[in-house]
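Student: Quick one, target09.cif (mmCIF, C-alpha atoms; chains and numbers go by the auth columns):
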data_start
#
loop_
_atom_site.group_PDB
_atom_site.id
_atom_site.type_symbol
_atom_site.label_atom_id
_atom_site.label_comp_id
_atom_site.label_asym_id
_atom_site.label_seq_id
_atom_site.Cartn_x
_atom_site.Cartn_y
_atom_site.Cartn_z
_atom_site.B_iso_or_equiv
_atom_site.auth_seq_id
_atom_site.auth_asym_id
ATOM 1 C CA MET A 1 -0.056 32.703 9.088 0.00 1 A
ATOM 2 C CA ASN A 2 -3.740 33.312 8.315 0.00 2 A
ATOM 3 C CA PHE A 3 -5.871 31.079 6.116 0.00 3 A
ATOM 4 C CA ASP A 4 -5.534 33.256 2.994 0.00 4 A
ATOM 5 C CA SER A 5 -1.735 33.224 3.174 0.00 5 A
ATOM 6 C CA PHE A 6 -1.850 29.443 3.800 0.00 6 A
ATOM 7 C CA LEU A 7 -3.910 28.991 0.613 0.00 7 A
ATOM 8 C CA GLU A 8 -1.676 31.363 -1.357 0.00 8 A
ATOM 9 C CA LYS A 9 1.363 29.305 -0.400 0.00 9 A
ATOM 10 C CA VAL A 10 -0.363 26.121 -1.607 0.00 10 A
ATOM 11 C CA LYS A 11 -1.560 27.832 -4.811 0.00 11 A
ATOM 12 C CA GLU A 12 1.981 28.976 -5.550 0.00 12 A
ATOM 13 C CA HIS A 13 3.231 25.422 -5.007 0.00 13 A
ATOM 14 C CA HIS A 14 0.483 24.147 -7.338 0.00 14 A
ATOM 15 C CA SER A 15 1.455 26.695 -10.022 0.00 15 A
ATOM 16 C CA LEU A 16 4.940 25.130 -9.996 0.00 16 A
ATOM 17 C CA GLN A 17 3.305 21.718 -10.658 0.00 17 A
ATOM 18 C CA LEU A 18 4.574 20.344 -7.357 0.00 18 A
ATOM 19 C CA PRO A 19 2.660 17.817 -5.204 0.00 19 A
ATOM 20 C CA PHE A 20 0.786 18.906 -2.093 0.00 20 A
ATOM 21 C CA VAL A 21 -1.934 17.859 0.288 0.00 21 A
ATOM 22 C CA MET A 22 -4.156 19.989 2.535 0.00 22 A
ATOM 23 C CA TYR A 23 -6.414 18.308 5.060 0.00 23 A
ATOM 24 C CA ARG A 24 -8.417 18.679 8.240 0.00 24 A
ATOM 25 C CA HIS A 25 -9.355 15.846 10.575 0.00 25 A
ATOM 26 C CA PRO A 26 -13.019 15.413 11.630 0.00 26 A
ATOM 27 C CA GLY A 27 -14.157 17.821 14.311 0.00 27 A
ATOM 28 C CA GLU A 28 -10.898 19.787 14.323 0.00 28 A
ATOM 29 C CA LYS A 29 -10.101 23.354 13.284 0.00 29 A
ATOM 30 C CA LEU A 30 -6.434 22.859 12.380 0.00 30 A
ATOM 31 C CA VAL A 31 -5.867 22.597 8.631 0.00 31 A
ATOM 32 C CA LYS A 32 -2.554 20.938 7.812 0.00 32 A
ATOM 33 C CA GLY A 33 -0.560 20.923 4.620 0.00 33 A
ATOM 34 C CA GLN A 34 2.416 19.141 3.166 0.00 34 A
ATOM 35 C CA LEU A 35 4.335 20.584 0.239 0.00 35 A
ATOM 36 C CA GLN A 36 6.536 18.096 -1.601 0.00 36 A
ATOM 37 C CA PRO A 37 9.787 19.558 -3.019 0.00 37 A
ATOM 38 C CA ASN A 38 9.726 17.466 -6.230 0.00 38 A
ATOM 39 C CA ASN A 39 7.291 15.440 -8.335 0.00 39 A
ATOM 40 C CA ILE A 40 8.784 12.031 -7.564 0.00 40 A
ATOM 41 C CA ILE A 41 6.111 9.517 -6.585 0.00 41 A
ATOM 42 C CA GLU A 42 6.939 7.785 -3.310 0.00 42 A
ATOM 43 C CA TYR A 43 5.129 4.508 -2.682 0.00 43 A
ATOM 44 C CA ILE A 44 4.379 2.779 0.615 0.00 44 A
ATOM 45 C CA ASN A 45 6.563 -0.272 1.082 0.00 45 A
ATOM 46 C CA ASP A 46 5.634 -1.707 4.457 0.00 46 A
ATOM 47 C CA PHE A 47 3.403 0.945 6.079 0.00 47 A
ATOM 48 C CA GLN A 48 6.254 1.957 8.377 0.00 48 A
ATOM 49 C CA GLU A 49 6.642 5.236 6.498 0.00 49 A
ATOM 50 C CA LYS A 50 5.202 8.328 8.170 0.00 50 A
ATOM 51 C CA GLY A 51 3.214 10.788 6.103 0.00 51 A
ATOM 52 C CA PHE A 52 -0.055 11.363 4.295 0.00 52 A
ATOM 53 C CA VAL A 53 -1.021 8.127 2.537 0.00 53 A
ATOM 54 C CA PHE A 54 -3.172 8.164 -0.589 0.00 54 A
ATOM 55 C CA ALA A 55 -4.328 4.603 -1.217 0.00 55 A
ATOM 56 C CA PRO A 56 -6.512 3.352 -4.066 0.00 56 A
ATOM 57 C CA PHE A 57 -9.562 1.170 -3.418 0.00 57 A
ATOM 58 C CA ASN A 58 -7.982 -1.420 -5.711 0.00 58 A
ATOM 59 C CA SER A 59 -5.616 -3.334 -3.428 0.00 59 A
ATOM 60 C CA GLN A 60 -3.587 -4.433 -6.458 0.00 60 A
ATOM 61 C CA LYS A 61 -2.365 -0.851 -6.932 0.00 61 A
ATOM 62 C CA ARG A 62 0.294 0.717 -4.743 0.00 62 A
ATOM 63 C CA ALA A 63 -0.399 3.431 -2.162 0.00 63 A
ATOM 64 C CA ILE A 64 1.365 6.777 -2.504 0.00 64 A
ATOM 65 C CA VAL A 65 2.834 8.578 0.501 0.00 65 A
ATOM 66 C CA PHE A 66 3.754 12.214 0.990 0.00 66 A
ATOM 67 C CA SER A 67 6.533 11.612 3.487 0.00 67 A
ATOM 68 C CA TYR A 68 6.785 13.845 6.559 0.00 68 A
ATOM 69 C CA ALA A 69 10.559 13.590 6.202 0.00 69 A
ATOM 70 C CA SER A 70 10.724 15.168 2.755 0.00 70 A
ATOM 71 C CA ALA A 71 7.772 17.600 2.820 0.00 71 A
ATOM 72 C CA GLU A 72 7.453 21.126 4.124 0.00 72 A
ATOM 73 C CA ALA A 73 4.745 21.062 6.790 0.00 73 A
ATOM 74 C CA ILE A 74 2.403 24.042 7.168 0.00 74 A
ATOM 75 C CA SER A 75 -0.734 24.517 9.225 0.00 75 A
ATOM 76 C CA VAL A 76 -3.349 27.112 10.087 0.00 76 A
ATOM 77 C CA GLU A 77 -6.526 27.378 12.137 0.00 77 A
ATOM 78 C CA GLN A 78 -9.644 27.197 9.967 0.00 78 A
ATOM 79 C CA GLU A 79 -11.573 30.429 9.682 0.00 79 A
ATOM 80 C CA SER A 80 -15.281 30.837 9.057 0.00 80 A
ATOM 81 C CA PHE A 81 -16.084 31.396 5.398 0.00 81 A
ATOM 82 C CA LYS A 82 -19.158 32.602 3.625 0.00 82 A
ATOM 83 C CA VAL A 83 -20.297 29.669 1.537 0.00 83 A
ATOM 84 C CA ASN A 84 -22.640 30.109 -1.403 0.00 84 A
ATOM 85 C CA LEU A 85 -25.078 27.209 -1.119 0.00 85 A
ATOM 86 C CA LYS A 86 -27.515 28.277 -3.827 0.00 86 A
ATOM 87 C CA LYS A 87 -25.280 28.091 -6.877 0.00 87 A
ATOM 88 C CA ARG A 88 -24.467 24.601 -8.121 0.00 88 A
ATOM 89 C CA GLU A 89 -21.534 24.198 -10.432 0.00 89 A
ATOM 90 C CA TYR A 90 -22.934 21.116 -12.147 0.00 90 A
ATOM 91 C CA LYS A 91 -26.289 19.448 -12.599 0.00 91 A
ATOM 92 C CA GLU A 92 -26.763 15.955 -11.228 0.00 92 A
ATOM 93 C CA GLU A 93 -28.667 13.720 -13.598 0.00 93 A
ATOM 94 C CA GLN A 94 -31.810 12.507 -11.820 0.00 94 A
ATOM 95 C CA GLN A 95 -31.327 8.919 -12.978 0.00 95 A
ATOM 96 C CA GLU A 96 -27.808 8.832 -11.485 0.00 96 A
ATOM 97 C CA GLN A 97 -29.061 10.388 -8.239 0.00 97 A
ATOM 98 C CA ASP A 98 -31.893 7.841 -7.994 0.00 98 A
ATOM 99 C CA ARG A 99 -29.473 4.953 -8.630 0.00 99 A
ATOM 100 C CA TYR A 100 -27.131 6.175 -5.894 0.00 100 A
ATOM 101 C CA GLU A 101 -29.945 6.692 -3.365 0.00 101 A
ATOM 102 C CA ASN A 102 -31.228 3.184 -4.150 0.00 102 A
ATOM 103 C CA LEU A 103 -27.745 1.789 -3.507 0.00 103 A
ATOM 104 C CA ILE A 104 -27.633 3.594 -0.152 0.00 104 A
ATOM 105 C CA ASN A 105 -31.014 2.157 0.858 0.00 105 A
ATOM 106 C CA LYS A 106 -29.931 -1.386 -0.127 0.00 106 A
ATOM 107 C CA THR A 107 -26.746 -0.937 1.874 0.00 107 A
ATOM 108 C CA ILE A 108 -28.683 0.156 4.970 0.00 108 A
ATOM 109 C CA ASP A 109 -30.941 -2.901 4.630 0.00 109 A
ATOM 110 C CA THR A 110 -27.891 -5.174 4.247 0.00 110 A
ATOM 111 C CA ILE A 111 -26.250 -3.709 7.350 0.00 111 A
ATOM 112 C CA LYS A 112 -29.424 -4.231 9.374 0.00 112 A
ATOM 113 C CA ALA A 113 -29.887 -7.809 8.122 0.00 113 A
ATOM 114 C CA SER A 114 -26.285 -8.993 8.345 0.00 114 A
ATOM 115 C CA GLY A 115 -24.839 -7.316 11.396 0.00 115 A
ATOM 116 C CA LEU A 116 -22.061 -5.631 9.444 0.00 116 A
ATOM 117 C CA GLU A 117 -20.636 -2.756 11.437 0.00 117 A
ATOM 118 C CA LYS A 118 -19.451 -0.546 8.625 0.00 118 A
ATOM 119 C CA VAL A 119 -19.710 -0.368 4.855 0.00 119 A
ATOM 120 C CA VAL A 120 -18.136 2.336 2.730 0.00 120 A
ATOM 121 C CA ILE A 121 -19.945 3.252 -0.450 0.00 121 A
ATOM 122 C CA SER A 122 -18.244 5.553 -2.856 0.00 122 A
ATOM 123 C CA ARG A 123 -18.502 6.630 -6.402 0.00 123 A
ATOM 124 C CA LYS A 124 -16.189 8.332 -8.772 0.00 124 A
ATOM 125 C CA LYS A 125 -17.608 11.473 -10.261 0.00 125 A
ATOM 126 C CA GLU A 126 -15.611 13.482 -12.735 0.00 126 A
ATOM 127 C CA ILE A 127 -16.836 16.998 -13.312 0.00 127 A
ATOM 128 C CA GLU A 128 -15.447 19.981 -15.118 0.00 128 A
ATOM 129 C CA LEU A 129 -14.773 22.618 -12.506 0.00 129 A
ATOM 130 C CA LYS A 130 -15.997 26.105 -13.232 0.00 130 A
ATOM 131 C CA THR A 131 -14.534 27.333 -9.968 0.00 131 A
ATOM 132 C CA GLU A 132 -10.968 26.890 -8.828 0.00 132 A
ATOM 133 C CA PRO A 133 -10.439 23.744 -6.735 0.00 133 A
ATOM 134 C CA PHE A 134 -9.249 25.734 -3.714 0.00 134 A
ATOM 135 C CA LEU A 135 -12.697 27.314 -3.407 0.00 135 A
ATOM 136 C CA TYR A 136 -14.251 23.810 -3.327 0.00 136 A
ATOM 137 C CA PHE A 137 -11.830 22.878 -0.568 0.00 137 A
ATOM 138 C CA LYS A 138 -12.902 25.928 1.464 0.00 138 A
ATOM 139 C CA ARG A 139 -16.561 25.042 0.900 0.00 139 A
ATOM 140 C CA LEU A 140 -16.014 21.488 2.126 0.00 140 A
ATOM 141 C CA LEU A 141 -14.223 22.739 5.235 0.00 141 A
ATOM 142 C CA GLU A 142 -17.181 24.934 6.117 0.00 142 A
ATOM 143 C CA LEU A 143 -19.989 22.564 5.114 0.00 143 A
ATOM 144 C CA TYR A 144 -18.608 19.364 6.675 0.00 144 A
ATOM 145 C CA PRO A 145 -17.012 20.196 10.048 0.00 145 A
ATOM 146 C CA GLU A 146 -17.290 16.577 11.246 0.00 146 A
ATOM 147 C CA ALA A 147 -15.701 15.027 8.149 0.00 147 A
ATOM 148 C CA MET A 148 -12.157 14.432 6.981 0.00 148 A
ATOM 149 C CA VAL A 149 -11.657 17.060 4.279 0.00 149 A
ATOM 150 C CA TYR A 150 -8.707 17.001 1.906 0.00 150 A
ATOM 151 C CA CYS A 151 -7.286 18.354 -1.331 0.00 151 A
ATOM 152 C CA TRP A 152 -4.529 16.100 -2.697 0.00 152 A
ATOM 153 C CA TYR A 153 -2.503 16.855 -5.818 0.00 153 A
ATOM 154 C CA HIS A 154 0.310 15.199 -7.700 0.00 154 A
ATOM 155 C CA PRO A 155 1.053 16.341 -11.280 0.00 155 A
ATOM 156 C CA LEU A 156 1.572 12.744 -12.419 0.00 156 A
ATOM 157 C CA VAL A 157 -1.665 11.478 -10.814 0.00 157 A
ATOM 158 C CA GLY A 158 -4.122 14.379 -10.688 0.00 158 A
ATOM 159 C CA MET A 159 -6.132 16.262 -8.075 0.00 159 A
ATOM 160 C CA TRP A 160 -8.557 14.703 -5.619 0.00 160 A
ATOM 161 C CA ILE A 161 -10.853 16.666 -3.326 0.00 161 A
ATOM 162 C CA GLY A 162 -13.108 15.052 -0.777 0.00 162 A
#
Let me see whether you can do it: turn the structure in this file into structure tokens.

Tutor:
Amino acid sequence: MNFDSFLEKVKEHHSLQLPFVMYRHPGEKLVKGQLQPNNIIEYINDFQEKGFVFAPFNSQKRAIVFSYASAEAISVEQESFKVNLKKREYKEEQQEQDRYENLINKTIDTIKASGLEKVVISRKKEIELKTEPFLYFKRLLELYPEAMVYCWYHPLVGMWIG
């Protein structure tokens, strides 16, 4: 299976409104996928389940799992893509960008002063996509080879790309 046929299989699954996840671990070339056969939400009970876990930052909410046992597993080696870096699909507001950069700088200072080993800063940004989400996934694969890259979808929850 080449990368285009891998993506076509996932797109077809998506067109049926069925859950899926595609992901690549940091520094690897193997892109894995799991295609769920139905839109039932499976939750983690005791973290003994095996699969792709999608957990909210809010610990009061339950984590969702795409179980290895019930999903069709697919995989493919990542190919090199041409990525258009000049065209931006949305415009970042300067005030929001400045606020985020200030938060990063404060976090770095806090880490240095306190001895914390790791802090994760995130933000939720909702944008209207002018390009299909699968193209964003390909761009992330190419632009961030040392990062965990994923595209997660459940029709009852939504799509997340990171």

Student: Write out as a PyMOL selection string the residues lying within 9 Å of Phe6 in chain A, counting only C-alpha atoms and excluding same-chain residues fewer than 6 positions away.

Tutor: chain A and resi 33+74-76

Student: Got time to write the residues from that selection, C-alpha atoms, as a compact mmCIF listing (two decimals), in the frame of the given file?

Tutor:
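To be explicit, this is the file written out as again_32.txt:
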# COMPACT_ATOMS: atom_id res chain seq x y z
CA GLY A 33 -0.56 20.92 4.62
CA ILE A 74 2.40 24.04 7.17
CA SER A 75 -0.73 24.52 9.22
CA VAL A 76 -3.35 27.11 10.09

Student: Mind giving me the straight-line distance from CA of Asn102 in chain A to CA of Ile121 in chain A in Å, one decimal?

Tutor: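 Between these atoms lies a distance of 11.9 Å.
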
Student: Name the residues that the PyMOL selection byres ((chain A and resi 65) around 8) picks from the file above, as a PDB file with C-alpha atoms, keeping the file's coordinate frame, using the file's chain letters and numbers.

Tutor:
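Written output follows (part22.pdb):
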ATOM      1  CA  ILE A  41       6.111   9.517  -6.585  1.00  0.00           C
ATOM      2  CA  GLU A  42       6.939   7.785  -3.310  1.00  0.00           C
ATOM      3  CA  TYR A  43       5.129   4.508  -2.682  1.00  0.00           C
ATOM      4  CA  ILE A  44       4.379   2.779   0.615  1.00  0.00           C
ATOM      5  CA  GLU A  49       6.642   5.236   6.498  1.00  0.00           C
ATOM      6  CA  GLY A  51       3.214  10.788   6.103  1.00  0.00           C
ATOM      7  CA  PHE A  52      -0.055  11.363   4.295  1.00  0.00           C
ATOM      8  CA  VAL A  53      -1.021   8.127   2.537  1.00  0.00           C
ATOM      9  CA  PHE A  54      -3.172   8.164  -0.589  1.00  0.00           C
ATOM     10  CA  ALA A  63      -0.399   3.431  -2.162  1.00  0.00           C
ATOM     11  CA  ILE A  64       1.365   6.777  -2.504  1.00  0.00           C
ATOM     12  CA  PHE A  66       3.754  12.214   0.990  1.00  0.00           C
ATOM     13  CA  SER A  67       6.533  11.612   3.487  1.00  0.00           C
TER      14      SER A  67
END

Student: I'd like to know which of A:His14, A:Lys118, A:Arg24, A:Lys138 is closest to Pro155 in chain A, using only C-alpha atoms.

Tutor: A:His14

Student: Do a neighbour search on Glu101 in chain A at 12 Å with only C-alpha atoms, toss out local chain neighbours closer than 6 positions, and write the hits as JSON, numbers by chain.

Tutor: {"A": [94, 95, 107, 108, 121, 122, 123]}

Student: Under the rule that only C-alpha atoms are counted, which of A:Ser70, A:Gln48, A:Ser15, A:Ser59 is the nearest residue to Gln36 in chain A?

Tutor: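 Looking only at the distances to Gln36 in chain A, the closest residue turns out to be A:Ser70.
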
Student: Residues picked by the PyMOL selection byres ((chain A and resi 71) around 6) here, as a PDB file with C-alpha atoms, in the coordinates of the input?

Tutor:
ATOM      1  CA  GLN A  34       2.416  19.141   3.166  1.00  0.00           C
ATOM      2  CA  LEU A  35       4.335  20.584   0.239  1.00  0.00           C
ATOM      3  CA  GLN A  36       6.536  18.096  -1.601  1.00  0.00           C
ATOM      4  CA  TYR A  68       6.785  13.845   6.559  1.00  0.00           C
ATOM      5  CA  ALA A  69      10.559  13.590   6.202  1.00  0.00           C
ATOM      6  CA  SER A  70      10.724  15.168   2.755  1.00  0.00           C
ATOM      7  CA  GLU A  72       7.453  21.126   4.124  1.00  0.00           C
TER       8      GLU A  72
END

Student: For a test of reading the model, state the distance in Å between CA of Ala147 in chain A and CA of Gly27 in chain A, rounded to one decimal.

Tutor: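 Between these atoms lies a distance of 6.9 Å.
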
Student: In Å, how far is it from CA of Asp46 in chain A to CA of Val10 in chain A?

Tutor: 29.1 Å

Student: Taking all atoms listed in the file into account, name the residue in A:Arg99, A:Arg62, A:Arg139, A:Lys11 that is nearest to Asn45 in chain A.

Tutor: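 Answer, going by the shortest atom-to-atom distance: A:Arg62.
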
Student: Please evaluate the PyMOL selection byres ((chain A and resi 149) around 7) against the structure above and give the resulting residues as a compact mmCIF listing (two decimals) with C-alpha atoms, keeping the file's coordinate frame.

Tutor:
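Output (selection-v6.txt):
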# COMPACT_ATOMS: atom_id res chain seq x y z
CA TYR A 23 -6.41 18.31 5.06
CA ARG A 24 -8.42 18.68 8.24
CA HIS A 25 -9.36 15.85 10.58
CA LEU A 140 -16.01 21.49 2.13
CA LEU A 141 -14.22 22.74 5.24
CA ALA A 147 -15.70 15.03 8.15
CA MET A 148 -12.16 14.43 6.98
CA TYR A 150 -8.71 17.00 1.91
CA GLY A 162 -13.11 15.05 -0.78

Student: Could you tell me which of A:Cys151, A:Val120, A:Leu143, A:Glu132 comes closest to Ile104 in chain A if we count all atoms listed in the file?

Tutor: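 Ranked by minimum distance to Ile104 in chain A, first place goes to A:Val120.
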
Student: Tell me which of A:Ala73, A:Leu116, A:Ala55, A:Leu156 sits closest to Gln17 in chain A, counting only C-alpha atoms.

Tutor: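 Under the stated criterion, the closest residue is A:Leu156.
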
Student: Let me have the centre and edge lengths in Å, one decimal, of the box along x, y and z around every listed atom of range 23-33 of chain A with 5 Å of margin on each side, as JSON.

Tutor:
{"center_x": -7.4, "center_y": 19.4, "center_z": 9.5, "size_x": 23.6, "size_y": 17.9, "size_z": 19.7}
